[in-house]
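S.K.: So here's upload-v5.tsv (TSV, C-alpha atoms).
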chain	number	residue	atom	x	y	z
A	25	MET	CA	-10.32	7.08	-17.69
A	26	ASN	CA	-7.19	8.57	-16.25
A	27	LEU	CA	-6.90	10.05	-12.77
A	28	ARG	CA	-7.33	13.63	-13.98
A	29	GLN	CA	-10.59	12.78	-15.74
A	30	ILE	CA	-11.86	11.03	-12.62
A	31	GLU	CA	-10.90	14.10	-10.59
A	32	ILE	CA	-12.93	16.33	-12.92
A	33	VAL	CA	-15.98	14.04	-12.77
A	34	ARG	CA	-15.69	13.99	-8.97
A	35	ALA	CA	-15.60	17.80	-8.81
A	36	VAL	CA	-18.65	18.10	-11.06
A	37	MET	CA	-20.52	15.56	-8.92
A	38	ARG	CA	-19.82	17.65	-5.81
A	39	ARG	CA	-20.51	21.07	-7.33
A	40	ARG	CA	-23.27	20.07	-9.82
A	41	THR	CA	-22.18	22.64	-12.44
A	42	THR	CA	-19.19	22.81	-14.75
A	43	VAL	CA	-18.64	26.47	-13.80
A	44	ALA	CA	-18.27	25.66	-10.09
A	45	ALA	CA	-16.13	22.60	-10.81
A	46	ALA	CA	-13.88	24.67	-13.06
A	47	GLU	CA	-13.35	27.22	-10.27
A	48	GLU	CA	-12.44	24.44	-7.84
A	49	LEU	CA	-9.97	22.84	-10.26
A	50	ALA	CA	-8.55	26.13	-11.61
A	51	MET	CA	-9.63	25.17	-15.13
A	52	SER	CA	-11.78	26.79	-17.78
A	53	GLN	CA	-15.47	25.85	-17.94
A	54	SER	CA	-15.05	24.66	-21.53
A	55	ALA	CA	-12.14	22.36	-20.53
A	56	VAL	CA	-14.30	20.76	-17.84
A	57	SER	CA	-17.22	20.28	-20.25
A	58	ASN	CA	-14.95	18.75	-22.89
A	59	ALA	CA	-13.40	16.40	-20.31
A	60	ILE	CA	-16.87	15.16	-19.28
A	61	LYS	CA	-17.92	14.63	-22.91
A	62	HIS	CA	-14.69	12.76	-23.68
A	63	ALA	CA	-15.08	10.55	-20.60
A	64	GLU	CA	-18.68	9.70	-21.48
A	65	SER	CA	-17.70	8.93	-25.07
A	66	SER	CA	-14.88	6.64	-23.91
A	67	LEU	CA	-17.04	4.85	-21.35
A	68	GLY	CA	-20.08	4.45	-23.58
A	69	PHE	CA	-22.61	5.70	-21.03
A	70	ASN	CA	-23.70	8.99	-19.50
A	71	LEU	CA	-22.17	10.21	-16.28
A	72	PHE	CA	-24.64	13.06	-15.75
A	73	GLU	CA	-28.21	13.94	-16.55
A	74	ARG	CA	-28.79	17.60	-17.51
A	75	ILE	CA	-31.77	18.76	-15.38
A	76	ASN	CA	-32.63	22.46	-14.94
A	77	ASN	CA	-29.11	23.62	-15.86
A	78	ARG	CA	-27.58	21.32	-13.29
A	79	LEU	CA	-25.64	18.10	-13.76
A	80	VAL	CA	-27.12	15.23	-11.77
A	81	PRO	CA	-24.83	12.18	-11.54
A	82	THR	CA	-26.18	8.91	-12.87
A	83	GLU	CA	-26.16	5.77	-10.75
A	84	GLU	CA	-23.32	4.48	-12.93
A	85	ALA	CA	-21.26	7.58	-12.13
A	86	LYS	CA	-21.97	7.24	-8.41
A	87	LEU	CA	-20.87	3.60	-8.42
A	88	MET	CA	-17.73	4.38	-10.39
A	89	LEU	CA	-16.77	7.27	-8.10
A	90	GLU	CA	-17.39	5.15	-5.03
A	91	LYS	CA	-14.77	2.70	-6.31
A	92	ALA	CA	-12.40	5.56	-7.20
A	93	GLU	CA	-12.58	7.34	-3.83
A	94	PRO	CA	-9.64	5.37	-2.32
A	95	LEU	CA	-7.46	6.75	-5.13
A	96	PHE	CA	-8.06	10.29	-3.88
A	97	MET	CA	-7.36	9.25	-0.31
A	98	TYR	CA	-4.00	7.85	-1.44
A	99	GLN	CA	-3.36	11.02	-3.43
A	100	GLN	CA	-4.01	13.15	-0.35
A	101	ALA	CA	-1.70	10.93	1.69
A	102	VAL	CA	1.04	11.31	-0.93
A	103	ASN	CA	0.56	15.09	-0.95
A	104	ARG	CA	0.78	15.24	2.86
A	105	CYS	CA	3.90	13.09	2.72
A	106	ALA	CA	5.44	15.46	0.17
A	107	GLU	CA	4.66	18.45	2.38
A	108	ASP	CA	6.17	16.70	5.41
A	109	LEU	CA	9.27	15.80	3.43
A	110	LYS	CA	9.57	19.38	2.21
A	111	ALA	CA	9.30	20.68	5.77
A	112	GLY	CA	11.74	18.03	7.06
A	113	ARG	CA	9.16	16.53	9.42
A	114	ILE	CA	9.54	12.93	8.24
A	115	GLY	CA	12.21	10.78	6.61
A	116	ARG	CA	15.14	8.55	7.44
A	117	ILE	CA	18.81	9.29	8.01
A	118	ARG	CA	21.40	6.52	7.92
A	119	VAL	CA	24.39	7.57	10.03
A	120	VAL	CA	27.67	5.68	10.20
A	121	ALA	CA	30.38	6.67	12.69
A	122	THR	CA	33.30	5.37	14.65
A	123	SER	CA	32.48	4.19	18.16
A	124	GLU	CA	33.90	7.18	20.04
A	125	ILE	CA	31.73	9.59	18.04
A	126	SER	CA	28.68	7.31	18.31
A	127	GLU	CA	29.03	7.44	22.09
A	128	SER	CA	30.08	11.06	22.57
A	129	ILE	CA	28.48	13.61	20.24
A	130	LEU	CA	25.92	11.66	18.23
A	131	PRO	CA	23.49	10.82	21.08
A	132	HIS	CA	23.24	14.53	21.93
A	133	ALA	CA	22.96	15.55	18.26
A	134	ILE	CA	20.24	12.99	17.49
A	135	SER	CA	18.31	13.97	20.62
A	136	ALA	CA	18.45	17.66	19.67
A	137	PHE	CA	17.40	16.90	16.08
A	138	LEU	CA	14.41	14.81	17.15
A	139	GLU	CA	13.05	17.70	19.20
A	140	THR	CA	12.07	19.42	15.94
A	141	HIS	CA	11.89	16.37	13.65
A	142	GLN	CA	9.87	13.91	15.72
A	143	ALA	CA	8.83	11.65	12.84
A	144	VAL	CA	12.35	11.22	11.45
A	145	THR	CA	13.90	7.79	11.94
A	146	PHE	CA	17.60	7.09	12.34
A	147	GLU	CA	19.80	4.14	11.54
A	148	LEU	CA	23.04	4.47	13.51
A	149	ASP	CA	25.86	2.06	12.78
A	150	SER	CA	29.16	2.12	14.68
A	151	ARG	CA	32.07	0.91	12.57
A	152	PRO	CA	35.86	1.02	12.31
A	153	LEU	CA	37.19	3.97	10.34
A	154	MET	CA	37.63	2.21	6.99
A	155	SER	CA	34.23	0.55	7.25
A	156	VAL	CA	32.60	3.96	7.76
A	157	LEU	CA	34.19	5.18	4.54
A	158	ASP	CA	33.14	2.02	2.70
A	159	GLU	CA	29.50	2.34	3.80
A	160	ILE	CA	29.24	5.96	2.66
A	161	GLU	CA	31.02	5.23	-0.62
A	162	THR	CA	28.71	2.31	-1.44
A	163	GLY	CA	25.55	4.20	-0.45
A	164	ILE	CA	24.69	2.10	2.61
A	165	GLY	CA	25.00	5.20	4.80
A	166	ASP	CA	23.91	8.78	4.11
A	167	ILE	CA	26.47	10.57	6.28
A	168	GLY	CA	29.52	9.51	8.28
A	169	PHE	CA	31.53	10.95	11.15
A	170	VAL	CA	35.15	9.96	11.80
A	171	LEU	CA	38.45	11.17	13.15
A	172	GLU	CA	41.43	11.47	10.78
A	173	ALA	CA	39.94	10.14	7.55
A	174	PRO	CA	42.25	9.32	4.64
A	175	LYS	CA	41.25	10.86	1.32
A	176	ARG	CA	39.17	8.91	-1.18
A	177	HIS	CA	38.22	10.00	-4.68
A	178	ASP	CA	34.50	9.15	-4.33
A	179	LEU	CA	34.05	10.82	-0.94
A	180	VAL	CA	33.70	14.40	0.22
A	181	LEU	CA	35.59	14.87	3.48
A	182	GLU	CA	34.82	18.04	5.40
A	183	GLU	CA	36.76	18.81	8.56
A	184	ILE	CA	34.42	20.49	11.04
A	185	ALA	CA	36.66	20.59	14.12
A	186	ALA	CA	40.24	20.14	15.22
A	187	VAL	CA	40.11	17.84	18.23
A	188	SER	CA	43.00	17.69	20.67
A	189	ALA	CA	44.54	14.55	22.12
A	190	VAL	CA	44.55	14.30	25.92
A	191	CYS	CA	45.80	11.99	28.60
A	192	ALA	CA	42.97	10.64	30.75
A	193	CYS	CA	43.39	9.13	34.18
A	194	ARG	CA	41.48	8.68	37.40
A	195	SER	CA	41.43	11.62	39.77
A	196	ASP	CA	43.45	9.70	42.35
A	197	HIS	CA	46.28	9.02	39.88
A	198	PRO	CA	49.55	11.01	40.37
A	199	LEU	CA	49.32	12.44	36.83
A	200	ALA	CA	45.93	13.99	37.60
A	201	SER	CA	47.61	17.00	39.19
A	202	HIS	CA	49.79	17.74	36.15
A	203	GLY	CA	48.95	20.73	34.00
A	204	ARG	CA	50.35	18.94	30.96
A	205	VAL	CA	51.53	15.40	30.23
A	206	ASP	CA	54.27	14.42	27.79
A	207	PRO	CA	55.72	11.05	26.69
A	208	GLU	CA	58.37	11.18	29.40
A	209	ASP	CA	55.65	11.39	32.08
A	210	ILE	CA	53.89	8.39	30.60
A	211	ALA	CA	56.99	6.25	30.02
A	212	GLY	CA	56.71	4.52	33.40
A	213	GLU	CA	52.94	4.17	33.35
A	214	ARG	CA	50.64	1.40	32.18
A	215	LEU	CA	49.40	2.86	28.90
A	216	VAL	CA	46.04	2.26	27.21
A	217	ALA	CA	46.09	3.77	23.73
A	218	PRO	CA	45.20	3.36	20.03
A	219	ALA	CA	46.75	0.40	18.25
A	220	LEU	CA	50.08	0.94	16.51
A	221	HIS	CA	48.67	0.16	13.06
A	222	SER	CA	45.84	2.72	13.30
A	223	ILE	CA	46.07	6.26	11.92
A	224	VAL	CA	45.71	7.82	15.37
A	225	GLY	CA	48.14	5.29	16.85
A	226	ILE	CA	50.73	6.31	14.28
A	227	LEU	CA	50.30	9.98	15.27
A	228	PHE	CA	50.92	9.11	18.91
A	229	ALA	CA	53.92	6.95	18.00
A	230	GLU	CA	55.43	9.84	16.03
A	231	ALA	CA	54.93	12.20	18.97
A	232	PHE	CA	56.65	9.74	21.30
A	233	ALA	CA	59.49	9.27	18.81
A	234	ARG	CA	60.12	13.03	18.73
A	235	ARG	CA	60.84	12.79	22.46
A	236	SER	CA	62.90	9.61	22.03
A	237	VAL	CA	60.36	7.60	24.02
A	238	SER	CA	59.06	4.24	22.85
A	239	TYR	CA	55.31	4.08	22.15
A	240	SER	CA	54.42	0.72	23.68
A	241	PRO	CA	50.83	0.60	24.96
A	242	HIS	CA	50.14	-2.15	27.48
A	243	VAL	CA	46.61	-2.32	26.07
A	244	GLN	CA	46.01	-1.43	22.42
A	245	VAL	CA	42.46	-0.49	21.43
A	246	ARG	CA	40.60	0.30	18.21
A	247	PHE	CA	38.22	2.86	19.71
A	248	MET	CA	39.20	5.56	22.17
A	249	ASN	CA	36.01	5.32	24.21
A	250	VAL	CA	37.15	1.78	25.05
A	251	ALA	CA	40.49	3.19	26.23
A	252	ALA	CA	38.60	5.65	28.46
A	253	ARG	CA	36.56	2.82	30.02
A	254	LEU	CA	39.72	0.87	30.75
A	255	ALA	CA	41.31	3.92	32.39
A	256	GLN	CA	38.10	4.35	34.37
A	257	LYS	CA	38.58	0.82	35.72
A	258	GLY	CA	42.14	1.57	36.78
A	259	CYS	CA	43.85	-0.36	34.00
A	260	GLY	CA	46.23	2.53	33.37
A	261	VAL	CA	46.31	5.99	31.80
A	262	ALA	CA	44.70	6.49	28.42
A	263	LEU	CA	45.62	8.54	25.40
A	264	ILE	CA	42.33	9.60	23.87
A	265	ASP	CA	40.60	12.49	22.13
A	266	GLU	CA	38.79	15.30	23.88
A	267	ILE	CA	35.38	14.54	22.37
A	268	THR	CA	35.41	11.20	24.16
A	269	VAL	CA	35.82	13.17	27.37
A	270	ALA	CA	32.93	15.38	26.24
A	271	SER	CA	30.55	12.39	26.15
A	272	GLY	CA	29.64	12.79	29.82
A	273	HIS	CA	30.30	9.10	30.49
A	274	PHE	CA	33.71	9.69	32.03
A	275	SER	CA	33.19	12.51	34.51
A	276	ASP	CA	35.35	10.62	37.02
A	277	LEU	CA	38.34	10.86	34.67
A	278	VAL	CA	40.69	13.84	34.55
A	279	ALA	CA	41.67	14.97	31.06
A	280	ILE	CA	45.14	16.52	30.84
A	281	PRO	CA	46.51	18.21	27.70
A	282	PHE	CA	49.08	16.07	25.89
A	283	SER	CA	52.39	17.45	24.66
A	284	PRO	CA	53.60	17.59	21.95
A	285	ALA	CA	50.16	18.70	20.85
A	286	ILE	CA	48.25	16.37	18.55
A	287	THR	CA	45.11	17.52	16.76
A	288	LEU	CA	42.74	15.11	15.10
A	289	ALA	CA	40.41	16.17	12.29
A	290	LEU	CA	36.77	15.50	13.17
A	291	THR	CA	35.42	14.90	9.70
A	292	VAL	CA	32.01	14.63	8.06
A	293	VAL	CA	31.96	12.04	5.27
A	294	LEU	CA	29.53	12.38	2.35
A	295	PRO	CA	29.33	10.67	-1.05
A	296	ARG	CA	30.78	12.72	-3.90
A	297	ASN	CA	28.37	11.53	-6.58
A	298	ARG	CA	25.07	11.77	-4.67
A	299	MET	CA	23.44	14.91	-3.39
A	300	PRO	CA	22.62	14.64	0.33
A	301	SER	CA	18.95	14.93	1.24
A	302	ARG	CA	17.54	18.02	2.94
A	303	LEU	CA	17.31	16.04	6.17
A	304	THR	CA	20.93	14.95	5.92
A	305	LYS	CA	22.05	18.55	5.44
A	306	ASP	CA	19.93	19.67	8.40
A	307	PHE	CA	21.32	16.92	10.60
A	308	LYS	CA	24.88	17.81	9.63
A	309	ALA	CA	24.23	21.38	10.81
A	310	CYS	CA	22.68	20.08	14.04
A	311	PHE	CA	25.70	17.82	14.65
A	312	GLN	CA	28.06	20.77	14.14
A	313	GLN	CA	26.13	22.93	16.59
A	314	THR	CA	25.94	20.14	19.18
A	315	MET	CA	29.61	19.34	18.78
A	316	ASN	CA	30.59	22.98	19.32
A	317	LEU	CA	28.54	23.11	22.53
A	318	ARG	CA	29.86	19.81	23.94
A	319	LEU	CA	33.45	20.53	22.98
A	320	GLY	CA	33.28	24.04	24.42
A	321	ALA	CA	31.93	22.71	27.72
A	322	ALA	CA	34.64	20.03	27.87
A	323	ARG	CA	37.39	22.56	27.24
A	324	ALA	CA	35.97	24.87	29.91
A	325	ARG	CA	36.07	22.04	32.46
A	326	GLN	CA	39.59	21.15	31.40
A	327	SER	CA	40.77	24.76	31.82
A	328	THR	CA	39.58	24.81	35.42
A	329	HIS	CA	41.52	21.64	36.22
Rewrite the coordinates I just gave you, this time as structure tokens.
M.R.:
Amino acid sequence: MNLRQIEIVRAVMRRRTTVAAAEELAMSQSAVSNAIKHAESSLGFNLFERINNRLVPTEEAKLMLEKAEPLFMYQQAVNRCAEDLKAGRIGRIRVVATSEISESILPHAISAFLETHQAVTFELDSRPLMSVLDEIETGIGDIGFVLEAPKRHDLVLEEIAAVSAVCACRSDHPLASHGRVDPEDIAGERLVAPALHSIVGILFAEAFARRSVSYSPHVQVRFMNVAARLAQKGCGVALIDEITVASGHFSDLVAIPFSPAITLALTVVLPRNRMPSRLTKDFKACFQQTMNLRLGAARARQSTH
């Protein structure tokens, strides 16, 4: 017997007539009767006794249905799971991001998402830029978030914000009172900034070169949140992005606009050849909304400086 036949027998056992079972299963009465006859023929014994126009299950049928009941429990569980997946209540999202984004926007975005998707689980992996791209391309991650991503054929790169570069220093530093900081202002300072070989480091080096100032960080870092922590400890002034400032971890640092202006593309990374899940799409929208709020608040604080 297949599962559908067992389901029909089960309905007849509960309702005791083929008419009532047919109504429950949205089938015709003749289809139910034929299914019972076919099942009995295949099994070689009767499933029901016909008594006073009612179908009374035999002991064999009762025993068989008792063994089959767990199947229907699993079926109900699968159906509930499907409904939860459809509604976005359960599932898993594998997020890969560079460290500064993992520390700044993502904690707020994940927290906001879990308010309405409590049964969703996250895997969050912080990686260097190229590793983020590799993990999305190979299918290890569902969605990635980076700054200044180079193009790749198998990836969809969607810029969702233009993030400005800033100079960050402690409030007691002489530069903290400046309305804008340029390479000449930084030339005599201990500089903590992205490594020369990185994409962001190259952008800073080009900006310095336009002002005929050498870009020579005293401390070169891979992630800009690390540069902010070093500036926080008084190791120097840091060249970082404004979303790192928006993390809330560096409220004791002053962020000053950098000139010449440098904008970094905050980019969502998705695989080109795989459709993102409903949950992934929903989380992308939540990240965008959270990022807009955090970035707007950071810029408002910066404008009052």
S.K.: When you look at Arg116 of chain A with a cut-off of 7 Å (counting all atoms listed in the file), what residues show up, excluding the ones that are within fewer than 4 positions of it in the same chain? I need them as a ChimeraX atom specification.
M.R.: /A:144-146
S.K.: Just the number, please: distance in Å from atom CA of Ser283 of chain A to atom CA of Gly225 of chain A, one decimal.
M.R.: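 It comes out at 15.1 Å.
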S.K.: Of the candidates A:Lys257, A:His197, A:His202, A:Arg151, which shows the shortest atom-to-atom distance to Ile125 of chain A, using only C-alpha atoms?
M.R.: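 Counting only C-alpha atoms, the residue closest to Ile125 of chain A is A:Arg151.
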S.K.: Please provide as a list in words all residues within 10 Å of segment 50-58 of chain A, with the sequence filter that same-chain residues fewer than 5 positions apart are discarded (counting only C-alpha atoms).
M.R.: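 Neighbouring residues, sequence-local ones excluded: Gln29, Ile32, Val33, Ala35, Val36, Thr41, Thr42, Val43, Ala44, Ala45, Ala63 and Glu64 of chain A.
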S.K.: To one decimal in Å, tell me the separation between atom CA of His177 of chain A and atom CA of Leu148 of chain A.
M.R.: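 One can read the atom CA of His177 of chain A to atom CA of Leu148 of chain A distance as 24.3 Å.
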S.K.: Would you mind listing what lies within 6 Å of Gly165 of chain A as number ranges by chain, with all atoms listed in the file counted and same-chain residues fewer than 6 positions away left out?
M.R.: A: 118-119, 159
S.K.: What are the centre and the three edge lengths of an axis-aligned box that wraps all atoms of segment 197-203 of chain A in the file, given that 3 Å is added to every side, written as JSON and rounded to one decimal in Å?
M.R.:
{"center_x": 47.9, "center_y": 14.9, "center_z": 37.2, "size_x": 9.9, "size_y": 17.7, "size_z": 12.4}
S.K.: Given the choices A:His273, A:Pro295, A:His221, A:Leu27, which gets closest to Pro94 of chain A if the distance is worked out from all atoms listed in the file?
M.R.: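 When distances to Pro94 of chain A are compared using all atoms listed in the file, the smallest one comes from A:Leu27.
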S.K.: Looking at all atoms listed in the file, which of A:Asp276, A:Glu107, A:Glu31, A:Glu230 is the one that sits closest to Leu49 of chain A?
M.R.: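 Residue with the minimum atom-to-atom distance to Leu49 of chain A: A:Glu31.
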